[in-house]
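Trainee: Just passing along the structure, written as structure tokens.
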Protein chains: 2
Amino acid sequence: MVVKTVNVGLIGLGTIGTGVAKVLTEKRENLSAVAGYPLLLKKIADIDIKRPRPVKLDPSLLTTDAREILDNPDIAIVIELVGGENPARSYIADALKNGKSVVTANKEVIAKHGPELLGLAREHHTALRYEASVGGGIPLISPLQRDLAANTFSSIHAIINGTTNYILTKMSDEGLDFAVALKQAQELGYAEADPTNDVEGIDAAYKLAIMCTLAYHSVVRPADVYREGISRLTWKDFRYARELGYAIKLLAMGKSQDGALEARVHPVFIPENSLLAKVKGVFNAVQIHGDLVGDLILYGRGAGAEPTSSAVVADVIALAQSIGAGAGHLPAPLPDRKKNVKPISDIATRYYLRMNVADSPGVLAKISRVLGDHNISISAVIQKEVDLQAQRAEIVIMTHTAVEAAVQMARRELEKLDVVKEINNIIRVEG
Amino acid sequence: MVVKTVNVGLIGLGTIGTGVAKVLTEKRENLSAVAGYPLLLKKIADIDIKRPRPVKLDPSLLTTDAREILDNPDIAIVIELVGGENPARSYIADALKNGKSVVTANKEVIAKHGPELLGLAREHHTALRYEASVGGGIPLISPLQRDLAANTFSSIHAIINGTTNYILTKMSDEGLDFAVALKQAQELGYAEADPTNDVEGIDAAYKLAIMCTLAYHSVVRPADVYREGISRLTWKDFRYARELGYAIKLLAMGKSQDGALEARVHPVFIPENSLLAKVKGVFNAVQIHGDLVGDLILYGRGAGAEPTSSAVVADVIALAQSIGAGAGHLPAPLPDRKKNVKPISDIATRYYLRMNVADSPGVLAKISRVLGDHNISISAVIQKEVDLQAQRAEIVIMTHTAVEAAVQMARRELEKLDVVKEINNIIRVEG
């Protein structure tokens, strides 16, 4: 029996692309055995094919013209690892239109245009896989699509950005300030020169949108995700958190209740004895609650060339099996439910408030009155003198469940009280 | 377009079977939408169809004759939830021979006969899925087979038996003795009247054999797995473990190094700050190390009707998609490597030894000499007086890495020393 080779084209030879090229080249025999069909990396396109890279590649494989892959009738699978929205999006679309199967690690394109591209794949009887777009090597897309398909999901709690988790771990464990921890992360290559995408939760919002779309069968876009970054956290917040039995994490949260969704990325207090609180450094973890499976946690390396290659190449193997067997691709079910994402003002949760106040009698009474007027009840208070000479004190308040809109209104009123010098931070509490 | 209904037959209406019947019945519309093809639970066989069960089923679905399912040409998918080795094995084999796809949660049959049954599925161009056989609702089979397929694995560390983890958690957190904790587990329905399968590690060995066979592409049978149960652990071991910075867990471990495998289930000391040490109660967690993905942990409920239904029904959906699309089943690659499982005497690890000795000068010197003679070096010692009148002391020794055979030889020599009254426990240390 002659077994047809499945030819693969790779667009984008950056860090991840080089990792994937290395795996496809050096593990070729093993991968072909696992797939059951011979896999061949046939062509690689990048704008810079001169720069030396830590992988030995036959120069004849390289081209600066992506069309040599997109229009090559011998290539069955296109791997898009260019990153960013454009031209990556059009590479993926063109490949699908040419009947090729596509594998991508591109969270921005999938978060913004995933449903349309999946529709295109369906229309052209081909497939688009994107396991590597969320959580690096951690299987997440595939469990949501298939292994957990019998479940109705109610919540996702995810530490899904390694850069911010590294920074928060440093701030928590070593008492570092945000700026210092960020600088260390940059020196180690965990954070970019411009860290905005990570520290402002943009990257996490892309990944959350992708997971919510799958879990809740409803098209959730990055713009639907409420975002707050980690740059306003200080060592004081970590100290109070510890005192109160909490850790601080940047969580991406997607919830579904009574047909309404919540999708938000922001710092939260979580109980220090929860498993998510133990996720340190650049590691990622996603906790999913399904009606049948209960709480499930998937933990591992969420970024880096090797973990991401693990996911990309697994997608390639799966496609090669379908192509090799001539089995055709099973069309992925498209999101079919009407989207109903709550505005942040409608959510209800517990809160931590830290504020700088005058150290004079009756301060707490005035603050409590404002909170009470907005139906916000207090569960714990810590008051500390911080500056004897200036007669300043710091008050930390933990609330019972309250509505966000009420908390924001109370905040504005508190800021008007003459005894309140500054509201330093308000952090939501989860779990 | 007329879409053909995919008919499902269920054999075994015990706890799990009832859970699956409930999900297939009550969620039928949702599941059909996700699958893309209408699913119908057509027939249910059990030896007892009179007993009331917590699910409403049309009496015409029920039969006491499994042949009504196995020989029914309208049924495409057979779910085997009888449990135990026979007749479950022949039900599966007969269903496959009749060209039906099979889903099972039966760890014993898969561990003992999986490769043969998968061969039979391949021969008859059909499929056998068994996600629920390991780790309940936690996706494990599917990640090993597919999502992580690009990896070369080097280790599996698994808390894969909820009953024993519940007992160990009680012993550790509440200082209970084994017998008391076991009794509580039995009262809560977490342990069977005859707990042998769980507490002696037999159940964990089945699951480890299944995972090793997949991860290492080599047929590992339950008989290849070295086993020790948890019944010899006492509250003293937990107290010393805590003092030394460890937790005690029953781990199922499968390792691969230089072409040799280790497969063993026994209690181990693991660092108390490791994530596996935080896995409490009936929860399961599997830590897998792959060359690309690094350390990955999958955590969740490893047993119970609902989590197991989650896995069973996901397998049913996957099969329904292939059958509905007429796509044919991708044959699972069969294990192709020569098995080379090390005997336990060849493994090298660290050890905890607890012994009861005479409280007289030179005791530690005598013990150290015996250990030294067998190339076992000591990393920590705790000595405590336990009985002043009887002049008895307790010595706990932590060793550096040593070879098992040497440790067992040293044990026999130590037992001959007149100063050593009893060797209470020897526990291996991991991580």
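Residues in the structure tokens are numbered from 1 in each chain, the chains being A, B, ... in the order shown, and ligands are numbered from 1 in the order shown.
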Which chain B residues have any atom within 7 Å of an atom of chain A, and for each, what is the nearest pair of atoms with distance in Å to one decimal, counting only C-alpha atoms, rows sorted by chain and number, as CSV?

Mentor:
```
residue,atom,partner,partner_atom,distance
B:Leu31,CA,A:Ala150,CA,6.4
B:Val34,CA,A:Pro333,CA,6.6
B:Gly137,CA,A:Val293,CA,5.3
B:Ile138,CA,A:Leu296,CA,7.0
B:Pro139,CA,A:Asp147,CA,6.1
B:Pro143,CA,A:Pro139,CA,6.9
B:Arg146,CA,A:Ala314,CA,6.4
B:Asp147,CA,A:Ala314,CA,5.4
B:Leu148,CA,A:Ala314,CA,6.2
B:Ala149,CA,A:Ala314,CA,5.6
B:Ala150,CA,A:Ser310,CA,5.6
B:Asn151,CA,A:Ser310,CA,6.6
B:Leu292,CA,A:Glu306,CA,4.7
B:Val293,CA,A:Pro307,CA,4.2
B:Gly294,CA,A:Arg301,CA,7.0
B:Asp295,CA,A:Gly300,CA,5.9
B:Leu296,CA,A:Gly300,CA,4.5
B:Ile297,CA,A:Tyr299,CA,4.9
B:Leu298,CA,A:Leu298,CA,4.8
B:Tyr299,CA,A:Ile297,CA,4.9
B:Gly300,CA,A:Leu296,CA,4.5
B:Arg301,CA,A:Val293,CA,6.8
B:Glu306,CA,A:Leu292,CA,4.7
B:Pro307,CA,A:Val293,CA,4.2
B:Ser310,CA,A:Ala150,CA,5.6
B:Ala311,CA,A:Asp147,CA,6.6
B:Val313,CA,A:Ala150,CA,6.0
B:Ala314,CA,A:Asp147,CA,5.4
B:Ala327,CA,A:Ala327,CA,4.8
B:Gly328,CA,A:Ala327,CA,6.4
B:Pro333,CA,A:Val34,CA,6.6
```

Trainee: Output, as a compact mmCIF listing (two decimals) with C-alpha atoms, in the first residue's frame, the coordinates of chain B following least-squares superposition onto chain A across all in-order C-alpha pairs.

Mentor:
```txt
# COMPACT_ATOMS: atom_id res chain seq x y z
CA MET B 1 -0.09 0.02 -0.03
CA VAL B 2 1.33 3.40 -0.97
CA VAL B 3 0.73 5.85 1.86
CA LYS B 4 0.48 9.43 0.74
CA THR B 5 2.73 11.95 2.44
CA VAL B 6 0.94 14.84 4.11
CA ASN B 7 2.81 18.04 3.23
CA VAL B 8 2.92 20.89 5.68
CA GLY B 9 3.69 24.58 5.08
CA LEU B 10 4.72 26.93 7.86
CA ILE B 11 4.26 30.70 7.74
CA GLY B 12 6.20 32.64 10.39
CA LEU B 13 9.63 31.59 11.62
CA GLY B 14 9.82 33.50 14.90
CA THR B 15 10.36 31.89 18.29
CA ILE B 16 7.29 29.65 18.09
CA GLY B 17 7.72 28.95 14.39
CA THR B 18 11.32 27.91 14.94
CA GLY B 19 10.20 25.60 17.75
CA VAL B 20 7.58 24.01 15.53
CA ALA B 21 10.03 23.63 12.63
CA LYS B 22 12.47 21.95 15.00
CA VAL B 23 9.87 19.46 16.28
CA LEU B 24 8.54 18.68 12.79
CA THR B 25 12.07 18.13 11.52
CA GLU B 26 13.77 16.36 14.40
CA LYS B 27 10.81 14.21 15.44
CA ARG B 28 9.58 13.52 11.94
CA GLU B 29 9.73 9.74 12.14
CA ASN B 30 8.03 9.52 15.52
CA LEU B 31 5.32 11.95 14.53
CA SER B 32 4.63 10.11 11.28
CA ALA B 33 4.32 6.86 13.26
CA VAL B 34 1.88 8.40 15.70
CA ALA B 35 -0.13 10.03 12.92
CA GLY B 36 -0.13 6.84 10.87
CA TYR B 37 0.82 8.91 7.81
CA PRO B 38 4.16 10.38 6.75
CA LEU B 39 4.39 14.07 7.60
CA LEU B 40 6.72 16.40 5.71
CA LEU B 41 7.57 20.04 6.40
CA LYS B 42 7.62 21.18 2.77
CA LYS B 43 7.98 24.96 2.88
CA ILE B 44 8.62 27.74 5.38
CA ALA B 45 7.85 31.40 4.73
CA ASP B 46 9.16 34.36 6.71
CA ILE B 47 10.03 37.96 5.84
CA ASP B 48 13.53 37.33 7.15
CA ILE B 49 15.10 34.06 6.03
CA LYS B 50 18.70 35.15 6.55
CA ARG B 51 18.75 35.45 10.34
CA PRO B 52 20.38 32.40 11.99
CA ARG B 53 18.01 30.27 14.04
CA PRO B 54 18.57 27.40 16.49
CA VAL B 55 17.40 24.74 14.03
CA LYS B 56 19.06 23.20 11.00
CA LEU B 57 16.85 23.73 7.96
CA ASP B 58 17.48 22.95 4.32
CA PRO B 59 17.76 26.43 2.68
CA SER B 60 15.56 25.24 -0.19
CA LEU B 61 12.66 25.01 2.28
CA LEU B 62 12.76 28.74 2.93
CA THR B 63 10.94 31.48 1.06
CA THR B 64 10.01 35.09 1.74
CA ASP B 65 6.77 34.68 -0.18
CA ALA B 66 3.81 33.26 1.77
CA ARG B 67 2.00 32.66 -1.54
CA GLU B 68 4.43 29.82 -2.23
CA ILE B 69 2.67 28.03 0.58
CA LEU B 70 -0.87 29.38 0.25
CA ASP B 71 -1.07 28.62 -3.47
CA ASN B 72 0.94 25.39 -3.44
CA PRO B 73 -1.36 22.52 -4.45
CA ASP B 74 0.98 19.98 -2.80
CA ILE B 75 0.57 21.49 0.65
CA ALA B 76 -2.37 20.11 2.65
CA ILE B 77 -1.80 21.79 6.01
CA VAL B 78 -0.81 25.40 6.61
CA ILE B 79 0.56 26.45 10.00
CA GLU B 80 0.11 30.16 10.64
CA LEU B 81 2.54 31.47 13.27
CA VAL B 82 2.94 35.06 12.09
CA GLY B 83 0.98 36.43 15.05
CA GLY B 84 -0.95 39.70 15.20
CA GLU B 85 -4.15 40.46 13.34
CA ASN B 86 -2.95 41.21 9.82
CA PRO B 87 -1.81 39.74 7.50
CA ALA B 88 -2.26 36.56 9.62
CA ARG B 89 -6.01 36.71 9.23
CA SER B 90 -5.87 36.86 5.45
CA TYR B 91 -3.26 34.08 5.31
CA ILE B 92 -5.65 31.85 7.26
CA ALA B 93 -8.63 32.85 5.14
CA ASP B 94 -6.75 32.32 1.87
CA ALA B 95 -5.47 28.92 2.97
CA LEU B 96 -8.99 27.81 3.89
CA LYS B 97 -10.40 29.12 0.61
CA ASN B 98 -7.76 27.06 -1.19
CA GLY B 99 -9.07 23.98 0.60
CA LYS B 100 -6.11 23.66 2.95
CA SER B 101 -6.43 22.76 6.61
CA VAL B 102 -5.05 25.37 8.95
CA VAL B 103 -3.38 25.26 12.36
CA THR B 104 -2.80 28.50 14.21
CA ALA B 105 -1.57 29.70 17.60
CA ASN B 106 -2.98 33.16 16.92
CA LYS B 107 -5.22 34.17 19.82
CA GLU B 108 -5.90 37.64 18.48
CA VAL B 109 -7.20 36.43 15.13
CA ILE B 110 -9.21 33.59 16.67
CA ALA B 111 -10.68 35.84 19.39
CA LYS B 112 -11.65 38.53 16.89
CA HIS B 113 -12.50 36.49 13.80
CA GLY B 114 -12.73 32.84 14.90
CA PRO B 115 -16.42 32.24 14.16
CA GLU B 116 -16.10 33.72 10.65
CA LEU B 117 -12.96 31.71 9.87
CA LEU B 118 -14.56 28.51 11.22
CA GLY B 119 -17.54 29.24 8.98
CA LEU B 120 -15.15 29.60 6.05
CA ALA B 121 -13.53 26.25 6.94
CA ARG B 122 -16.96 24.63 7.02
CA GLU B 123 -17.89 26.19 3.68
CA HIS B 124 -14.73 24.85 2.05
CA HIS B 125 -14.99 21.41 3.72
CA THR B 126 -11.77 21.89 5.51
CA ALA B 127 -10.66 22.50 9.09
CA LEU B 128 -9.19 25.19 11.33
CA ARG B 129 -7.53 24.13 14.59
CA TYR B 130 -6.24 26.50 17.27
CA GLU B 131 -5.34 24.51 20.40
CA ALA B 132 -2.15 26.56 20.83
CA SER B 133 -4.05 29.86 20.91
CA VAL B 134 -4.96 29.38 24.58
CA GLY B 135 -2.76 28.01 27.36
CA GLY B 136 0.26 26.92 25.29
CA GLY B 137 0.67 23.18 25.71
CA ILE B 138 -2.27 22.72 28.08
CA PRO B 139 -5.13 20.93 26.30
CA LEU B 140 -8.02 23.39 26.60
CA ILE B 141 -9.72 23.86 23.24
CA SER B 142 -10.00 20.16 22.65
CA PRO B 143 -11.45 19.35 26.13
CA LEU B 144 -14.01 22.15 25.75
CA GLN B 145 -14.94 21.04 22.24
CA ARG B 146 -14.99 17.33 22.83
CA ASP B 147 -13.94 15.64 26.09
CA LEU B 148 -16.35 17.73 28.15
CA ALA B 149 -19.00 18.08 25.45
CA ALA B 150 -21.73 16.46 27.58
CA ASN B 151 -21.48 19.23 30.19
CA THR B 152 -23.33 22.47 30.66
CA PHE B 153 -20.68 24.87 31.90
CA SER B 154 -21.25 27.52 34.54
CA SER B 155 -17.83 29.01 35.16
CA ILE B 156 -14.25 29.38 33.95
CA HIS B 157 -11.58 30.79 36.26
CA ALA B 158 -8.26 31.08 34.49
CA ILE B 159 -4.72 32.15 35.22
CA ILE B 160 -3.98 32.40 31.54
CA ASN B 161 -1.19 34.95 31.23
CA GLY B 162 2.21 33.80 32.42
CA THR B 163 3.81 37.25 32.37
CA THR B 164 1.36 38.75 34.85
CA ASN B 165 1.35 35.64 37.02
CA TYR B 166 5.12 35.83 37.18
CA ILE B 167 4.97 39.51 38.20
CA LEU B 168 2.27 38.87 40.81
CA THR B 169 4.21 35.91 42.23
CA LYS B 170 7.29 38.11 42.63
CA MET B 171 5.24 40.90 44.23
CA SER B 172 3.63 38.44 46.61
CA ASP B 173 6.57 36.23 47.55
CA GLU B 174 9.32 38.84 47.57
CA GLY B 175 7.42 42.00 48.42
CA LEU B 176 8.54 43.68 45.21
CA ASP B 177 6.82 46.68 43.71
CA PHE B 178 5.08 46.31 40.37
CA ALA B 179 7.70 48.29 38.44
CA VAL B 180 10.58 46.23 39.86
CA ALA B 181 8.85 42.90 39.23
CA LEU B 182 7.99 43.98 35.68
CA LYS B 183 11.60 44.92 35.03
CA GLN B 184 12.78 41.49 36.23
CA ALA B 185 10.21 39.82 33.99
CA GLN B 186 11.48 41.87 31.05
CA GLU B 187 15.09 40.95 31.78
CA LEU B 188 14.15 37.25 31.82
CA GLY B 189 12.26 37.57 28.54
CA TYR B 190 8.91 36.86 30.23
CA ALA B 191 7.63 40.34 29.43
CA GLU B 192 7.94 42.41 26.27
CA ALA B 193 9.57 45.83 26.04
CA ASP B 194 6.05 47.23 25.70
CA PRO B 195 4.21 45.10 28.28
CA THR B 196 0.75 46.61 27.68
CA ASN B 197 -0.82 43.52 26.10
CA ASP B 198 0.03 41.41 29.11
CA VAL B 199 -0.23 43.75 32.10
CA GLU B 200 -3.46 45.35 30.94
CA GLY B 201 -5.12 41.96 30.47
CA ILE B 202 -5.55 42.28 26.70
CA ASP B 203 -3.86 38.93 26.02
CA ALA B 204 -5.96 37.26 28.75
CA ALA B 205 -9.13 38.81 27.29
CA TYR B 206 -8.40 37.25 23.88
CA LYS B 207 -8.00 33.84 25.47
CA LEU B 208 -11.09 34.25 27.63
CA ALA B 209 -13.18 35.25 24.60
CA ILE B 210 -12.05 32.06 22.83
CA MET B 211 -12.87 29.83 25.80
CA CYS B 212 -16.25 31.48 26.48
CA THR B 213 -17.26 31.15 22.84
CA LEU B 214 -16.61 27.41 23.05
CA ALA B 215 -17.98 26.78 26.53
CA TYR B 216 -21.13 28.84 26.19
CA HIS B 217 -21.87 28.30 22.47
CA SER B 218 -22.15 32.02 22.06
CA VAL B 219 -19.89 34.41 20.15
CA VAL B 220 -17.96 36.33 22.82
CA ARG B 221 -15.56 38.92 21.37
CA PRO B 222 -12.61 40.57 23.10
CA ALA B 223 -14.65 43.80 23.19
CA ASP B 224 -17.23 41.98 25.33
CA VAL B 225 -14.66 41.29 28.01
CA TYR B 226 -14.34 43.78 30.88
CA ARG B 227 -10.65 44.44 31.62
CA GLU B 228 -8.51 45.83 34.41
CA GLY B 229 -4.75 45.36 34.54
CA ILE B 230 -2.38 44.76 37.44
CA SER B 231 -0.37 47.99 37.47
CA ARG B 232 -2.34 49.56 40.33
CA LEU B 233 -1.50 46.77 42.79
CA THR B 234 1.05 47.56 45.49
CA TRP B 235 2.89 45.54 48.12
CA LYS B 236 0.34 46.81 50.64
CA ASP B 237 -2.48 45.01 48.87
CA PHE B 238 -0.51 41.77 49.01
CA ARG B 239 0.23 42.27 52.70
CA TYR B 240 -3.45 42.82 53.54
CA ALA B 241 -4.48 39.94 51.32
CA ARG B 242 -2.19 37.62 53.24
CA GLU B 243 -3.46 38.96 56.55
CA LEU B 244 -7.01 38.20 55.45
CA GLY B 245 -6.22 34.73 54.08
CA TYR B 246 -6.12 35.55 50.37
CA ALA B 247 -3.80 35.59 47.38
CA ILE B 248 -4.04 38.13 44.56
CA LYS B 249 -4.21 36.78 41.01
CA LEU B 250 -5.12 38.20 37.63
CA LEU B 251 -8.05 35.96 36.73
CA ALA B 252 -9.90 35.66 33.45
CA MET B 253 -13.45 34.73 34.43
CA GLY B 254 -16.31 33.60 32.26
CA LYS B 255 -19.58 32.67 33.91
CA SER B 256 -22.99 31.66 32.71
CA GLN B 257 -26.11 31.89 34.81
CA ASP B 258 -29.74 32.00 33.72
CA GLY B 259 -28.76 32.75 30.15
CA ALA B 260 -26.57 35.75 31.06
CA LEU B 261 -22.79 35.71 30.72
CA GLU B 262 -20.06 37.44 32.66
CA ALA B 263 -16.72 37.87 30.95
CA ARG B 264 -14.04 39.79 32.82
CA VAL B 265 -10.30 39.98 33.40
CA HIS B 266 -9.09 41.78 36.50
CA PRO B 267 -7.09 41.25 39.69
CA VAL B 268 -8.98 39.32 42.35
CA PHE B 269 -8.56 38.17 45.91
CA ILE B 270 -8.86 34.36 45.98
CA PRO B 271 -8.64 32.16 49.09
CA GLU B 272 -4.99 31.34 49.77
CA ASN B 273 -5.81 27.65 50.24
CA SER B 274 -7.43 27.32 46.80
CA LEU B 275 -5.48 25.44 44.16
CA LEU B 276 -5.41 28.46 41.83
CA ALA B 277 -3.66 30.44 44.58
CA LYS B 278 -0.82 27.88 44.42
CA VAL B 279 -0.16 28.49 40.72
CA LYS B 280 3.18 30.28 40.71
CA GLY B 281 5.44 32.00 38.22
CA VAL B 282 4.79 31.64 34.51
CA PHE B 283 2.49 28.62 34.91
CA ASN B 284 -1.12 28.76 33.74
CA ALA B 285 -4.16 27.01 35.18
CA VAL B 286 -7.77 26.91 34.04
CA GLN B 287 -10.56 25.83 36.37
CA ILE B 288 -13.76 24.86 34.61
CA HIS B 289 -17.04 23.94 36.26
CA GLY B 290 -19.40 21.64 34.37
CA ASP B 291 -22.69 20.22 35.64
CA LEU B 292 -21.47 16.63 35.27
CA VAL B 293 -17.73 16.85 35.74
CA GLY B 294 -17.81 19.34 38.63
CA ASP B 295 -14.58 21.29 39.10
CA LEU B 296 -11.80 20.45 36.71
CA ILE B 297 -8.37 22.11 36.67
CA LEU B 298 -5.89 21.97 33.81
CA TYR B 299 -2.42 23.22 34.73
CA GLY B 300 0.82 23.64 32.84
CA ARG B 301 3.13 25.89 30.85
CA GLY B 302 1.03 28.42 29.00
CA ALA B 303 3.70 29.86 26.73
CA GLY B 304 7.11 29.28 25.23
CA ALA B 305 8.29 27.64 22.04
CA GLU B 306 8.19 24.03 23.26
CA PRO B 307 4.80 23.92 25.00
CA THR B 308 3.25 25.84 22.12
CA SER B 309 4.86 23.45 19.62
CA SER B 310 3.28 20.57 21.54
CA ALA B 311 -0.19 21.98 20.83
CA VAL B 312 0.54 23.07 17.24
CA VAL B 313 2.01 19.72 16.25
CA ALA B 314 -0.84 17.78 17.95
CA ASP B 315 -3.24 19.74 15.75
CA VAL B 316 -1.11 18.92 12.72
CA ILE B 317 -1.19 15.20 13.60
CA ALA B 318 -4.96 15.23 14.03
CA LEU B 319 -5.42 16.90 10.65
CA ALA B 320 -2.92 14.54 8.99
CA GLN B 321 -4.94 11.59 10.26
CA SER B 322 -8.17 12.91 8.75
CA ILE B 323 -6.46 13.86 5.50
CA GLY B 324 -4.50 10.61 5.28
CA ALA B 325 -7.56 8.48 5.95
CA GLY B 326 -9.54 10.52 3.44
CA ALA B 327 -12.09 10.69 6.24
CA GLY B 328 -13.05 14.28 5.70
CA HIS B 329 -13.20 16.78 8.52
CA LEU B 330 -15.96 16.79 11.07
CA PRO B 331 -17.35 20.29 10.95
CA ALA B 332 -16.98 22.06 14.29
CA PRO B 333 -20.37 23.11 15.63
CA LEU B 334 -20.71 26.87 15.37
CA PRO B 335 -21.81 29.02 18.30
CA ASP B 336 -25.59 29.15 18.08
CA ARG B 337 -26.80 30.99 21.15
CA LYS B 338 -27.70 34.62 21.42
CA LYS B 339 -25.05 36.54 23.28
CA ASN B 340 -26.05 38.22 26.49
CA VAL B 341 -23.00 39.54 28.31
CA LYS B 342 -23.74 41.51 31.46
CA PRO B 343 -22.18 44.97 31.77
CA ILE B 344 -19.68 45.11 34.64
CA SER B 345 -22.06 47.40 36.57
CA ASP B 346 -24.49 44.48 36.93
CA ILE B 347 -22.19 41.93 38.47
CA ALA B 348 -22.42 41.08 42.15
CA THR B 349 -19.37 40.03 44.13
CA ARG B 350 -17.45 40.76 47.30
CA TYR B 351 -14.94 43.61 47.49
CA TYR B 352 -11.74 44.67 49.20
CA LEU B 353 -11.36 48.42 49.68
CA ARG B 354 -8.20 50.08 50.87
CA MET B 355 -8.28 53.75 51.72
CA ASN B 356 -6.26 56.40 53.39
CA VAL B 357 -8.25 58.35 55.99
CA ALA B 358 -7.92 60.95 58.70
CA ASP B 359 -7.10 59.32 62.02
CA SER B 360 -9.96 60.96 63.91
CA PRO B 361 -13.00 59.67 65.84
CA GLY B 362 -16.09 58.66 63.85
CA VAL B 363 -14.29 58.00 60.58
CA LEU B 364 -15.38 54.38 60.35
CA ALA B 365 -18.95 55.38 61.21
CA LYS B 366 -19.03 57.85 58.31
CA ILE B 367 -17.62 55.31 55.89
CA SER B 368 -19.99 52.59 57.06
CA ARG B 369 -22.93 54.89 56.60
CA VAL B 370 -22.04 55.57 52.96
CA LEU B 371 -21.61 51.85 52.31
CA GLY B 372 -24.85 51.02 54.14
CA ASP B 373 -26.73 53.60 52.08
CA HIS B 374 -25.77 51.54 49.01
CA ASN B 375 -26.66 48.18 50.54
CA ILE B 376 -23.04 47.24 50.96
CA SER B 377 -22.44 45.40 54.20
CA ILE B 378 -19.05 44.98 55.80
CA SER B 379 -17.64 41.57 56.67
CA ALA B 380 -14.23 42.62 58.04
CA VAL B 381 -12.28 45.77 58.82
CA ILE B 382 -8.60 46.39 59.46
CA GLN B 383 -7.54 49.82 60.62
CA LYS B 384 -3.88 50.78 60.97
CA GLU B 385 -2.14 53.98 61.81
CA VAL B 386 0.27 54.79 59.05
CA ASP B 387 1.49 58.26 59.82
CA LEU B 388 1.22 59.48 63.40
CA GLN B 389 2.35 63.00 62.64
CA ALA B 390 0.01 63.56 59.77
CA GLN B 391 -2.72 61.77 61.72
CA ARG B 392 -3.39 59.43 58.86
CA ALA B 393 -4.67 55.89 59.09
CA GLU B 394 -5.26 53.16 56.58
CA ILE B 395 -8.59 51.35 56.55
CA VAL B 396 -9.17 48.08 54.74
CA ILE B 397 -12.73 46.86 54.36
CA MET B 398 -13.95 43.49 53.12
CA THR B 399 -17.59 43.54 52.05
CA HIS B 400 -20.28 40.93 51.69
CA THR B 401 -21.70 40.46 48.19
CA ALA B 402 -22.66 43.79 46.65
CA VAL B 403 -23.56 45.07 43.21
CA GLU B 404 -20.75 46.71 41.23
CA ALA B 405 -22.80 49.78 40.32
CA ALA B 406 -23.52 50.38 44.00
CA VAL B 407 -19.86 49.99 44.89
CA GLN B 408 -18.84 52.53 42.25
CA MET B 409 -21.46 54.96 43.47
CA ALA B 410 -20.31 54.48 47.05
CA ARG B 411 -16.73 55.03 45.91
CA ARG B 412 -17.62 58.41 44.45
CA GLU B 413 -19.40 59.40 47.66
CA LEU B 414 -16.54 58.18 49.83
CA GLU B 415 -14.12 60.27 47.80
CA LYS B 416 -16.21 63.33 48.69
CA LEU B 417 -15.96 62.69 52.45
CA ASP B 418 -13.42 65.06 54.00
CA VAL B 419 -12.11 62.28 56.26
CA VAL B 420 -11.24 60.11 53.24
CA LYS B 421 -7.93 61.24 51.79
CA GLU B 422 -7.62 58.66 49.06
CA ILE B 423 -9.19 55.43 47.92
CA ASN B 424 -6.08 53.45 47.08
CA ASN B 425 -7.58 50.35 45.61
CA ILE B 426 -10.78 48.40 45.17
CA ILE B 427 -10.27 44.73 44.33
CA ARG B 428 -12.99 42.17 43.72
CA VAL B 429 -13.03 38.97 45.75
CA GLU B 430 -13.69 35.59 44.12
CA GLY B 431 -14.53 32.27 45.73
```

Trainee: If you run DSSP on the backbone here, which positions in stretch 213-350 of chain A get strand (DSSP E or B)? Please write them as JSON, numbers by chain.

Mentor: {"A": [218, 226, 227, 246, 247, 248, 249, 250, 251, 252, 253, 254, 255, 256, 257, 260, 261, 262, 263, 264, 265, 266, 267, 268, 269, 270, 271, 283, 284, 285, 286, 287, 288, 289, 290, 294, 295, 296, 297, 298, 299, 300, 301, 337, 341, 348, 349, 350]}
